[in-house]
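Have a look at target_22.txt below; it lists compact mmCIF, C-alpha atoms.
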# COMPACT_ATOMS: atom_id res chain seq x y z
CA MET A 28 -8.19 -2.72 1.50
CA THR A 29 -11.85 -1.75 1.89
CA PRO A 30 -13.15 -5.37 1.79
CA ALA A 31 -10.69 -6.15 4.60
CA ASN A 32 -12.12 -3.28 6.66
CA ILE A 33 -15.68 -4.50 6.06
CA ALA A 34 -14.72 -8.08 6.99
CA LEU A 35 -12.98 -6.82 10.13
CA PHE A 36 -15.97 -4.75 11.23
CA THR A 37 -18.44 -7.58 10.52
CA THR A 38 -16.37 -10.15 12.41
CA ALA A 39 -15.94 -7.81 15.39
CA LEU A 40 -19.68 -7.04 15.44
CA LEU A 41 -20.62 -10.74 15.30
CA GLY A 42 -18.17 -11.40 18.12
CA PHE A 43 -19.74 -8.70 20.31
CA ILE A 44 -23.26 -9.96 19.50
CA ALA A 45 -22.26 -13.50 20.56
CA LEU A 46 -20.71 -12.17 23.79
CA ALA A 47 -23.82 -10.09 24.51
CA LEU A 48 -26.13 -13.08 23.98
CA ALA A 49 -23.97 -15.11 26.36
CA MET A 50 -24.99 -12.71 29.16
CA PRO A 51 -28.39 -13.49 30.79
CA ALA A 52 -29.60 -9.89 30.84
CA HIS A 53 -28.90 -9.18 27.17
CA CYS A 54 -30.12 -12.64 26.18
CA ARG A 55 -33.50 -11.95 27.84
CA HIS A 56 -33.50 -8.52 26.19
CA VAL A 57 -33.12 -10.08 22.75
CA PHE A 58 -34.93 -13.46 23.02
CA ARG A 59 -37.26 -12.70 25.98
CA ARG A 60 -35.81 -15.78 27.67
CA THR A 61 -32.50 -16.99 29.00
CA LEU A 62 -30.60 -19.61 27.05
CA PRO A 63 -29.35 -22.72 28.87
CA GLU A 64 -25.86 -22.49 30.31
CA PRO A 65 -24.18 -24.81 27.72
CA GLN A 66 -25.49 -22.63 24.87
CA ARG A 67 -24.37 -19.46 26.61
CA ARG A 68 -20.94 -20.97 27.15
CA LEU A 69 -20.76 -21.81 23.43
CA LEU A 70 -21.74 -18.23 22.55
CA ARG A 71 -19.10 -16.89 24.92
CA ILE A 72 -16.42 -19.06 23.30
CA ALA A 73 -17.65 -18.16 19.79
CA GLY A 74 -17.59 -14.44 20.67
CA TRP A 75 -13.98 -14.50 21.85
CA ILE A 76 -12.97 -16.63 18.85
CA LEU A 77 -14.59 -14.12 16.47
CA LEU A 78 -12.73 -11.24 18.13
CA ALA A 79 -9.50 -13.25 17.83
CA VAL A 80 -10.28 -13.96 14.16
CA ALA A 81 -10.79 -10.22 13.63
CA LEU A 82 -7.38 -9.58 15.21
CA ALA A 83 -5.75 -12.23 13.03
CA LEU A 84 -7.40 -10.70 9.96
CA ALA A 85 -6.12 -7.22 10.88
CA VAL A 86 -2.57 -8.45 11.54
CA TRP A 87 -2.57 -10.47 8.31
CA GLN A 88 -3.69 -7.41 6.33
CA TRP A 89 -1.71 -4.62 8.04
CA ARG A 90 0.93 -6.46 10.10
CA PHE A 91 1.19 -6.04 13.86
CA ASP A 92 1.65 -2.31 14.36
CA VAL A 93 -1.08 -0.91 12.11
CA GLY A 94 -3.11 -4.14 12.43
CA ILE A 95 -3.66 -3.80 16.19
CA VAL A 96 -4.62 -0.13 15.88
CA THR A 97 -7.04 -0.94 13.06
CA TRP A 98 -8.52 -3.84 15.06
CA LEU A 99 -9.04 -1.64 18.13
CA GLY A 100 -10.62 1.03 15.94
CA TRP A 101 -13.13 -1.36 14.42
CA LEU A 102 -13.82 -2.94 17.84
CA SER A 103 -14.77 0.53 19.08
CA VAL A 104 -17.05 1.16 16.11
CA ALA A 105 -18.73 -2.29 16.42
CA GLY A 106 -19.13 -2.00 20.21
CA VAL A 107 -20.62 1.49 20.08
CA ALA A 108 -22.96 0.47 17.23
CA LEU A 109 -24.23 -2.50 19.27
CA VAL A 110 -24.62 -0.46 22.47
CA PHE A 111 -26.72 2.15 20.71
CA TYR A 112 -28.74 -0.39 18.77
CA LEU A 113 -29.72 -2.75 21.61
CA PRO A 114 -32.06 -0.27 23.39
CA ASN A 115 -33.95 0.03 20.08
CA TRP A 116 -34.32 -3.74 19.63
CA PRO A 117 -38.01 -4.09 18.56
CA TRP A 118 -38.72 -7.46 20.25
CA GLN A 119 -37.39 -6.65 23.70
CA PRO A 120 -39.49 -7.71 26.73
CA ILE A 121 -42.28 -5.37 27.71
CA ALA A 122 -41.38 -3.72 30.99
CA GLN A 123 -43.98 -4.47 33.67
CA GLN A 124 -45.13 -1.45 35.60
CA ARG A 125 -44.96 -2.43 39.24
CA PRO A 126 -44.88 -0.23 42.24
CA ALA A 127 -41.52 0.24 43.83
CA ARG A 128 -40.83 -2.26 46.56
CA GLN A 129 -40.63 -1.26 50.14
CA ARG A 130 -37.31 -2.37 51.52
CA LYS A 131 -37.67 -4.24 54.73
CA LYS A 132 -35.15 -3.76 57.41
CA GLY A 133 -32.77 -6.72 57.75
CA LYS A 134 -33.89 -8.26 54.47
CA ALA A 135 -32.28 -5.69 52.22
CA ALA A 136 -28.99 -7.52 51.99
CA GLN A 137 -30.74 -10.81 51.24
CA ASP A 138 -32.84 -9.15 48.51
CA ASP A 139 -29.71 -7.80 46.88
CA ASP A 140 -28.25 -11.29 46.66
CA GLU A 141 -31.33 -13.10 45.43
CA ASP A 142 -33.07 -10.63 43.13
CA ASP A 143 -31.78 -10.09 39.65
CA GLU A 144 -34.54 -7.58 38.90
CA GLY A 145 -34.36 -3.90 39.68
CA THR A 146 -36.85 -2.08 41.84
CA ASN A 147 -38.53 -0.51 38.83
CA GLY A 148 -39.48 -3.90 37.39
CA GLU A 149 -36.81 -4.00 34.65
CA PHE A 150 -34.25 -6.73 34.52
CA ALA A 151 -31.00 -5.79 36.12
CA PRO A 152 -27.83 -7.65 35.23
CA THR A 153 -25.96 -9.61 37.85
CA PHE A 154 -22.21 -9.32 38.12
CA ASP A 155 -19.58 -11.62 39.42
CA THR A 156 -17.79 -9.25 41.77
CA VAL A 157 -15.21 -11.83 42.77
CA PRO A 158 -13.32 -13.55 39.98
CA ARG A 159 -13.53 -17.31 40.04
CA HIS A 160 -9.81 -17.83 39.45
CA PRO A 161 -8.03 -14.71 40.72
CA ALA A 162 -4.53 -16.16 40.30
CA ARG A 163 -5.20 -17.18 36.72
CA ARG A 164 -6.58 -13.73 35.90
CA ALA A 165 -3.61 -12.06 37.54
CA ALA A 166 -1.29 -14.09 35.30
CA LEU A 167 -3.40 -13.53 32.19
CA LEU A 168 -3.30 -9.73 32.29
CA PRO A 169 0.51 -9.38 32.04
CA ALA A 170 0.49 -12.07 29.33
CA LEU A 171 -2.02 -10.03 27.33
CA LEU A 172 0.42 -7.10 27.47
CA VAL A 173 3.57 -9.12 26.83
CA ILE A 174 2.29 -11.02 23.78
CA PRO A 175 1.58 -7.95 21.57
CA LEU A 176 4.73 -6.18 22.78
CA GLY A 177 6.77 -9.28 21.97
CA ALA A 178 5.18 -9.53 18.53
CA VAL A 179 5.98 -5.87 17.78
CA ALA A 180 9.58 -6.45 18.93
CA VAL A 181 9.92 -9.47 16.60
CA GLN A 182 8.48 -7.44 13.74
CA LEU A 183 10.90 -4.58 14.39
CA TRP A 184 13.79 -7.06 14.48
CA ASN A 185 12.76 -8.49 11.11
CA ALA A 186 11.95 -5.13 9.52
CA PRO A 187 14.12 -4.44 6.46
CA GLN A 188 16.92 -1.97 7.01
CA LYS A 189 16.42 1.47 5.48
CA PRO A 190 17.96 1.31 2.00
CA LEU A 191 20.24 4.32 2.43
CA LEU A 192 21.64 2.93 5.71
CA ARG A 193 22.62 -0.42 4.19
CA ASP A 194 26.25 -1.32 3.51
CA ASP A 195 25.61 -1.53 -0.23
CA ALA A 196 24.35 2.09 -0.43
CA LEU A 197 26.54 4.03 -2.83
CA ARG A 198 28.10 7.34 -1.72
CA GLY A 199 29.34 9.83 -4.26
CA ASP A 200 29.34 13.34 -5.65
CA ILE A 201 27.56 14.71 -8.67
CA GLY A 202 28.51 18.23 -9.63
CA PRO A 203 28.90 20.16 -6.36
CA TRP A 204 26.51 17.89 -4.45
CA SER A 205 27.16 14.73 -2.44
CA PHE A 206 24.58 11.94 -2.34
CA VAL A 207 23.77 8.45 -1.08
CA LEU A 208 22.01 6.17 -3.57
CA ALA A 209 20.66 2.61 -3.18
CA GLU A 210 18.10 0.24 -4.60
CA LYS A 211 14.98 0.36 -2.41
CA ASP A 212 15.04 -3.39 -1.85
CA ARG A 213 17.36 -6.13 -3.02
CA LYS A 214 14.62 -7.94 -4.92
CA SER A 215 13.93 -8.35 -8.64
CA PRO A 216 11.90 -5.61 -10.33
CA THR A 217 8.15 -5.69 -9.74
CA ILE A 218 5.99 -6.30 -12.80
CA GLU A 219 3.50 -3.47 -13.33
CA ALA A 220 0.91 -2.68 -16.01
CA LEU A 221 1.57 -3.86 -19.60
CA ASN A 222 4.05 -6.37 -18.16
CA THR A 223 6.54 -3.56 -17.47
CA PRO A 224 9.25 -4.34 -14.90
CA MET A 225 9.89 -1.43 -12.50
CA LYS A 226 12.79 -1.10 -10.09
CA ALA A 227 12.75 1.44 -7.23
CA PHE A 228 15.77 3.43 -6.03
CA SER A 229 16.21 5.85 -3.13
CA ILE A 230 18.49 8.88 -2.96
CA ARG A 231 19.45 11.43 -0.34
CA PHE A 232 21.46 14.55 -1.06
CA CYS A 233 23.45 16.46 1.54
CA GLU A 234 21.23 18.68 3.67
CA SER A 235 22.50 21.98 2.26
CA CYS A 236 22.27 20.62 -1.31
CA ASN A 237 18.50 20.32 -1.44
CA ALA A 238 17.98 24.07 -1.72
CA GLU A 239 20.24 24.10 -4.80
CA ILE A 240 18.65 21.15 -6.64
CA ARG A 241 15.55 21.51 -8.81
CA MET A 242 15.07 17.85 -9.69
CA ALA A 243 16.95 14.55 -9.87
CA TYR A 244 16.12 11.87 -12.45
CA MET A 245 17.05 8.24 -12.96
CA LYS A 246 16.92 6.16 -16.10
CA LEU A 247 18.09 2.83 -17.41
CA ARG A 248 19.96 3.64 -20.69
CA LYS A 249 21.71 6.83 -21.54
CA PRO A 250 19.30 9.77 -21.95
CA HIS A 251 19.10 11.26 -25.45
CA SER A 252 18.38 14.72 -24.04
CA GLN A 253 17.38 16.44 -20.83
CA ARG A 254 13.75 15.83 -21.78
CA THR A 255 14.41 12.10 -21.62
CA ALA A 256 16.44 12.19 -18.40
CA GLY A 257 14.12 9.65 -16.83
CA ASN A 258 11.62 9.56 -14.01
CA GLY A 259 12.00 12.05 -11.19
CA PHE A 260 12.85 11.30 -7.58
CA PHE A 261 9.86 12.27 -5.42
CA GLY A 262 8.99 12.03 -1.75
CA ARG A 263 8.76 13.92 1.49
CA GLY A 264 11.77 14.78 3.58
CA GLN A 265 15.39 14.13 2.71
CA GLU A 266 14.91 10.69 1.18
CA LYS A 267 13.41 10.60 -2.33
CA THR A 268 12.35 7.60 -4.37
CA VAL A 269 12.01 6.83 -8.06
CA GLU A 270 10.51 3.93 -10.00
CA VAL A 271 12.67 3.14 -13.05
CA PRO A 272 11.10 1.12 -15.90
CA VAL A 273 13.29 -1.65 -17.34
CA PRO A 274 13.16 -1.52 -21.18
CA ALA A 275 12.24 -4.73 -22.99
CA ALA A 276 15.61 -5.00 -24.78
CA ALA A 277 17.74 -3.62 -21.93
CA THR A 278 21.26 -5.01 -21.56
CA LEU A 279 23.79 -4.63 -18.78
CA LYS A 280 25.82 -2.31 -21.06
CA ASP A 281 22.99 0.26 -20.98
CA GLY A 282 23.74 1.16 -17.37
CA LEU A 283 21.82 3.36 -14.95
CA TRP A 284 22.00 7.13 -15.40
CA LEU A 285 21.51 9.75 -12.72
CA THR A 286 20.75 13.29 -13.92
CA VAL A 287 20.60 16.19 -11.47
CA GLU A 288 19.38 19.65 -12.46
CA GLY A 289 20.30 22.61 -10.27
CA ILE A 290 18.10 25.65 -9.77
CA ASP A 291 20.70 27.62 -11.73
CA GLY A 292 19.96 25.44 -14.79
CA GLU A 293 23.22 23.47 -14.58
CA VAL A 294 22.75 19.79 -15.40
CA HIS A 295 25.05 17.01 -14.20
CA GLN A 296 24.96 13.40 -15.23
CA GLN A 297 26.57 10.23 -13.94
CA HIS A 298 26.64 6.61 -15.10
CA PHE A 299 26.46 3.58 -12.80
CA ALA A 300 27.01 -0.06 -13.68
CA ILE A 301 23.77 -1.95 -13.09
CA GLU A 302 25.66 -4.75 -11.28
CA GLN A 303 27.14 -2.20 -8.89
CA LEU A 304 23.90 -0.49 -7.94
CA SER A 305 21.49 -3.43 -8.10
CA PRO A 306 22.74 -7.01 -8.40
CA ALA A 307 19.10 -8.19 -8.39
CA LEU A 308 18.28 -6.02 -11.43
CA ALA A 309 21.45 -7.22 -13.19
CA GLU A 310 20.43 -10.83 -12.57
CA PHE A 311 16.92 -10.09 -13.88
CA ILE A 312 18.28 -8.59 -17.13
CA ARG A 313 20.82 -11.39 -17.54
CA LYS A 314 18.13 -14.06 -17.17
CA ARG A 315 15.71 -12.31 -19.51
CA SER A 316 18.24 -11.94 -22.33
CA MET B 19 -16.56 10.21 13.81
CA LYS B 20 -12.80 10.79 14.04
CA THR B 21 -12.23 7.03 14.02
CA LEU B 22 -14.43 6.69 10.95
CA VAL B 23 -12.59 9.50 9.11
CA PHE B 24 -9.24 7.92 10.05
CA PHE B 25 -10.21 4.55 8.63
CA ILE B 26 -11.70 6.03 5.48
CA ALA B 27 -8.43 7.94 4.98
CA LEU B 28 -6.51 4.72 5.63
CA ALA B 29 -8.55 2.86 3.04
CA MET B 30 -8.25 5.61 0.44
CA GLY B 31 -4.57 6.38 1.10
CA SER B 32 -3.20 4.40 -1.79
CA ALA B 33 -5.34 6.34 -4.27
CA ALA B 34 -3.28 9.48 -3.63
CA LEU B 35 0.06 8.01 -4.79
CA ALA B 36 1.61 9.21 -8.05
CA HIS B 37 1.96 6.78 -10.94
CA ALA B 38 4.48 6.58 -13.75
CA PRO B 39 3.46 6.07 -17.38
CA VAL B 40 4.36 2.79 -19.06
CA GLY B 41 3.87 1.53 -22.61
CA ARG B 42 4.55 -1.15 -25.17
CA CYS B 43 4.66 -1.21 -28.95
CA SER B 44 4.54 -3.88 -31.63
CA LEU B 45 5.37 -3.80 -35.33
CA ASP B 46 2.59 -4.74 -37.75
CA GLY B 47 3.94 -4.54 -41.32
CA GLN B 48 5.09 -0.94 -41.70
CA THR B 49 2.97 0.36 -38.82
CA VAL B 50 3.94 0.56 -35.18
CA ASN B 51 1.00 0.06 -32.78
CA CYS B 52 1.48 1.30 -29.24
CA GLU B 53 -0.46 1.22 -26.01
CA GLY B 54 0.14 3.38 -22.95
CA ARG B 55 -0.99 3.11 -19.34
CA TYR B 56 -0.04 4.28 -15.91
CA ASP B 57 1.83 1.66 -13.92
CA ASP B 58 -1.27 0.94 -11.79
CA GLY B 59 -3.09 -0.13 -14.97
CA THR B 60 -5.27 2.97 -15.40
CA ARG B 61 -5.63 4.47 -18.87
CA ALA B 62 -3.25 7.25 -19.83
CA ASP B 63 -5.43 8.92 -22.49
CA GLY B 64 -4.35 12.48 -23.15
CA VAL B 65 -0.66 11.87 -22.46
CA THR B 66 1.59 13.34 -25.18
CA VAL B 67 3.57 10.86 -27.27
CA SER B 68 6.41 11.80 -29.58
CA VAL B 69 8.44 9.77 -32.06
CA ILE B 70 11.94 11.22 -32.13
CA THR B 71 15.01 10.26 -34.15
CA TYR B 72 18.39 9.82 -32.50
CA ASP B 73 19.54 13.16 -33.94
CA GLY B 74 16.66 14.93 -32.20
CA GLU B 75 14.16 15.39 -35.05
CA THR B 76 10.55 14.92 -33.93
CA LEU B 77 8.74 12.82 -36.56
CA HIS B 78 5.29 12.57 -34.92
CA THR B 79 3.58 14.09 -31.93
CA GLN B 80 0.12 13.10 -30.79
CA VAL B 81 -1.80 12.23 -27.64
CA LEU B 82 -3.00 8.82 -26.55
CA ASP B 83 -6.58 8.28 -27.70
CA ARG B 84 -9.51 7.25 -25.48
CA ALA B 85 -8.40 3.63 -25.65
CA SER B 86 -4.92 4.77 -24.54
CA ARG B 87 -3.44 3.77 -27.92
CA PHE B 88 -1.60 5.38 -30.82
CA GLN B 89 0.08 4.28 -34.02
CA PHE B 90 2.56 5.64 -36.52
CA ALA B 91 4.33 4.66 -39.73
CA LEU B 92 7.66 2.91 -39.17
CA PRO B 93 10.44 5.53 -39.58
CA THR B 94 13.43 4.83 -41.81
CA ARG B 95 15.93 5.95 -39.20
CA PRO B 96 16.65 4.80 -35.64
CA PHE B 97 14.13 6.37 -33.29
CA TYR B 98 12.58 6.23 -29.87
CA VAL B 99 9.02 6.77 -28.61
CA LEU B 100 8.63 9.18 -25.72
CA MET B 101 5.52 9.26 -23.49
CA ASP B 102 5.66 12.53 -21.56
CA ALA B 103 3.20 12.77 -18.65
CA GLY B 104 4.78 15.85 -17.07
CA PRO B 105 7.96 16.80 -15.22
CA GLY B 106 9.73 13.67 -13.98
CA GLU B 107 7.06 11.34 -15.39
CA MET B 108 8.07 9.82 -18.70
CA PHE B 109 8.46 6.50 -20.44
CA GLU B 110 10.82 5.86 -23.32
CA MET B 111 10.74 3.00 -25.79
CA ASP B 112 13.69 2.55 -28.07
CA TRP B 113 13.08 0.97 -31.49
CA ARG B 114 14.90 -2.13 -30.13
CA ASP B 115 12.17 -2.51 -27.45
CA ILE B 116 9.39 -2.82 -30.04
CA ARG B 117 8.03 -6.35 -30.43
CA GLY B 118 8.54 -7.83 -33.88
CA MET B 119 11.38 -5.44 -34.72
CA SER B 120 14.56 -7.03 -36.09
CA GLU B 121 17.65 -6.09 -34.12
CA THR B 122 19.51 -5.48 -37.38
CA ARG B 123 16.83 -3.32 -39.02
CA PHE B 124 18.82 -0.08 -38.89
CA GLU B 125 22.29 -1.59 -39.16
CA THR B 126 22.68 -0.50 -42.77
CA GLU B 127 21.67 2.99 -41.73
CA LYS B 128 24.86 3.16 -39.64
CA ALA B 129 22.81 4.32 -36.72
CA ALA B 130 24.54 6.93 -34.73
CA GLU B 131 24.99 6.31 -31.05
CA ALA B 132 22.90 8.45 -28.78
CA PRO B 133 24.72 11.77 -28.53
CA ALA B 134 26.45 12.33 -25.23
CA TYR B 135 24.46 14.66 -23.06
CA ARG B 136 26.89 16.64 -21.00
Conversion result in structure tokens:
Amino acid sequence: MTPANIALFTTALLGFIALALAMPAHCRHVFRRTLPEPQRRLLRIAGWILLAVALALAVWQWRFDVGIVTWLGWLSVAGVALVFYLPNWPWQPIAQQRPARQRKKGKAAQDDDEDDEGTNGEFAPTFDTVPRHPARRAALLPALLVIPLGAVAVQLWNAPQKPLLRDDALRGDIGPWSFVLAEKDRKSPTIEALNTPMKAFSIRFCESCNAEIRMAYMKLRKPHSQRTAGNGFFGRGQEKTVEVPVPAAATLKDGLWLTVEGIDGEVHQQHFAIEQLSPALAEFIRKRS
Amino acid sequence: MKTLVFFIALAMGSAALAHAPVGRCSLDGQTVNCEGRYDDGTRADGVTVSVITYDGETLHTQVLDRASRFQFALPTRPFYVLMDAGPGEMFEMDWRDIRGMSETRFETEKAAEAPAYR
């Protein structure tokens, strides 16, 4: 994740540098001369492309929601870094000490239009106060808002449903407690270290039950004792998750076993058919054997 | 500064997640060689490992060495290897899961089924 952050910051910074050099004032500040218009136009295009590349990189790495926030964060960091660095640029033009001009009556307005230098002899930037294509800009602004909002809406639409809200979530009782149990996703187990397949499950007990439960465990194969009840369900809030390793010689007959230990020391255990709780895991075991 | 702290926290977030122990064993003659890890691939040295028979007798108990490995002599009865990394963090390998082990090795022993636990 850190290389992605570095790449994002670097791309954003290069984009801002290109945009700065495309402006006559900053260009003179850096090169002591103004670049020809075609080169400045190229820099302007390159700057915007680099910022767009940074956005694409952020969305590719963190998807739209977190990606846009991350992109804006790194844009801020890159922009502030550039703003504070430029005044310390060692090869900037030497400011000529000239006496302040006396404004002549009637010529003041003309001076404002023609001069791009300030009265203290330093270069002052010129601004386009009137946009060249006001209608196009007016259309562009809403589009800039609609595009990210539309993308977030599409992402929300395609987001996987919460496991415990799916139709295949299993509802039941174990001891005095009711629960909802489901595989976290409907995919095959993920392969972790030492080529170990792991399958994740989510559980939620009734709200009043949580205060009475010390720990819930899940295991593939019947536990030999309470010590081997399996991995524990962990997580914040009502919904807890467990990663269950799939043994090398596991068969469908082994089944999945839920063990729940109450704070009073009572232990309850329940067996589930693998096909019932996770067809994807059943298929994985069937194929492997 | 707040932005910087936020992004550092974002980058380091995954490091704070818990990891489950995993392991694998192979039979070499009359010795079982095992290796343990956490599921993110980090070494699990120091984790307690026990070799336990189906009737509950503990034959060996030791900790994973610096290379995250351990070995023991092949028992004569059906057994399982238990890596215990703390409450709710364990990994169990049955003798059938060990590479190179014949599925019929303990057939003549009339291996008892795992006792029902409540």
For this session: List the neighbours of B:Arg84 out to 9 Å using only C-alpha atoms; skip same-chain residues closer than 3 positions along the sequence, and give me the result as a ChimeraX atom specification.
Result: /B:61-64,87
Name all residues at most 10 Å from B:Asp112 (count only C-alpha atoms; drop same-chain ones fewer than 5 positions away) and give them as a PDB file with C-alpha atoms, keeping the file's coordinate frame.
ATOM      1  CA  ARG A 248      19.960   3.640 -20.690  1.00  0.00           C
ATOM      2  CA  PRO A 274      13.160  -1.520 -21.180  1.00  0.00           C
ATOM      3  CA  ALA A 275      12.240  -4.730 -22.990  1.00  0.00           C
ATOM      4  CA  ALA A 276      15.610  -5.000 -24.780  1.00  0.00           C
ATOM      5  CA  ALA A 277      17.740  -3.620 -21.930  1.00  0.00           C
TER       6      ALA A 277
ATOM      7  CA  CYS B  43       4.660  -1.210 -28.950  1.00  0.00           C
ATOM      8  CA  VAL B  69       8.440   9.770 -32.060  1.00  0.00           C
ATOM      9  CA  ILE B  70      11.940  11.220 -32.130  1.00  0.00           C
ATOM     10  CA  THR B  71      15.010  10.260 -34.150  1.00  0.00           C
ATOM     11  CA  TYR B  72      18.390   9.820 -32.500  1.00  0.00           C
ATOM     12  CA  PRO B  96      16.650   4.800 -35.640  1.00  0.00           C
ATOM     13  CA  PHE B  97      14.130   6.370 -33.290  1.00  0.00           C
ATOM     14  CA  TYR B  98      12.580   6.230 -29.870  1.00  0.00           C
ATOM     15  CA  VAL B  99       9.020   6.770 -28.610  1.00  0.00           C
ATOM     16  CA  LEU B 100       8.630   9.180 -25.720  1.00  0.00           C
TER      17      LEU B 100
END
For this session: Could you give me, as an MDAnalysis selection string, the residues within 8 Å of B:Ser68, counting only C-alpha atoms and dropping anything in the same chain fewer than 2 positions from it?
Result: chainID B and resid 66 70 76:80 99:101
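For the pair atom CA of A:Ser235 and atom CA of A:Gly199, the separation is 15.4 Å.
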Exercise. Which residue out of B:Pro93, B:Gly74, B:Gly59, B:Gly47 has the minimum interatomic distance to chain A when only C-alpha atoms are used?
Worked result: B:Gly59
For this session: Give as a VMD selection string every residue, naming chains and numbers as the document does, that has an atom within 10 Å of (-13.8, -14.3, 16.1), counting only C-alpha atoms.
Result: chain A and resid 35 37 to 43 45 72 to 84
Just write the chosen residues, C-alpha atoms, as a short mmCIF file (atom, residue, chain, number, x, y, z; two decimals), in the coordinates of the input.
data_model
loop_
_atom_site.label_atom_id
_atom_site.label_comp_id
_atom_site.auth_asym_id
_atom_site.auth_seq_id
_atom_site.Cartn_x
_atom_site.Cartn_y
_atom_site.Cartn_z
CA LEU A 35 -12.98 -6.82 10.13
CA THR A 37 -18.44 -7.58 10.52
CA THR A 38 -16.37 -10.15 12.41
CA ALA A 39 -15.94 -7.81 15.39
CA LEU A 40 -19.68 -7.04 15.44
CA LEU A 41 -20.62 -10.74 15.30
CA GLY A 42 -18.17 -11.40 18.12
CA PHE A 43 -19.74 -8.70 20.31
CA ALA A 45 -22.26 -13.50 20.56
CA ILE A 72 -16.42 -19.06 23.30
CA ALA A 73 -17.65 -18.16 19.79
CA GLY A 74 -17.59 -14.44 20.67
CA TRP A 75 -13.98 -14.50 21.85
CA ILE A 76 -12.97 -16.63 18.85
CA LEU A 77 -14.59 -14.12 16.47
CA LEU A 78 -12.73 -11.24 18.13
CA ALA A 79 -9.50 -13.25 17.83
CA VAL A 80 -10.28 -13.96 14.16
CA ALA A 81 -10.79 -10.22 13.63
CA LEU A 82 -7.38 -9.58 15.21
CA ALA A 83 -5.75 -12.23 13.03
CA LEU A 84 -7.40 -10.70 9.96
#
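Atom to atom, atom CA of A:Glu239 and atom CA of A:Phe260 stand 15.0 Å apart.
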For this session: Output the contact residues of chain A with respect to chain B at a cut-off of 6 Å, based on all atoms listed in the file, as number ranges by chain.
Result: A: 28-29, 219-220, 251, 258-259, 275-276
Near A:Ile240, counting all atoms listed in the file, which residues have an atom at most 8 Å away, once you skip same-chain residues fewer than 5 positions from it, shown as an mmCIF file with C-alpha atoms, in the coordinates of the input?
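result_13.cif was written with the following content:
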data_model
loop_
_atom_site.group_PDB
_atom_site.id
_atom_site.type_symbol
_atom_site.label_atom_id
_atom_site.label_comp_id
_atom_site.auth_asym_id
_atom_site.auth_seq_id
_atom_site.Cartn_x
_atom_site.Cartn_y
_atom_site.Cartn_z
ATOM 1 C CA VAL A 287 20.600 16.190 -11.470
ATOM 2 C CA GLU A 288 19.380 19.650 -12.460
ATOM 3 C CA GLY A 289 20.300 22.610 -10.270
ATOM 4 C CA ILE A 290 18.100 25.650 -9.770
#
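Between atom CA of B:Val67 and atom CA of B:Ser86 the separation is 10.8 Å.
Among the candidates A:Glu302, A:Ala105, A:Arg90, A:Ser252, the residue lying nearest to B:Glu75 is A:Ser252 (atoms considered: all atoms listed in the file).
With distances restricted to all atoms listed in the file, A:Phe311 is the closest residue to A:Lys226 from A:Arg193, A:Gly202, A:Pro51, A:Phe311.
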Exercise. Which one is closest to A:Phe36: A:Phe299, A:Trp101, A:Phe58, A:Phe91? Count only C-alpha atoms.
Worked result: A:Trp101
For this session: Return the single residue from B:Leu45, B:Ala91, B:Ala103, B:Cys52 that is closest to A:Thr255, with distances computed using only C-alpha atoms.
Result: B:Ala103
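For A:Thr278, the residues within 10 Å (counting all atoms listed in the file, excluding itself and residues fewer than 5 positions away along the chain) are Leu247, Arg248, Val273, Ile301, Ala309, Ile312, Arg313, Arg315 and Ser316 of chain A.
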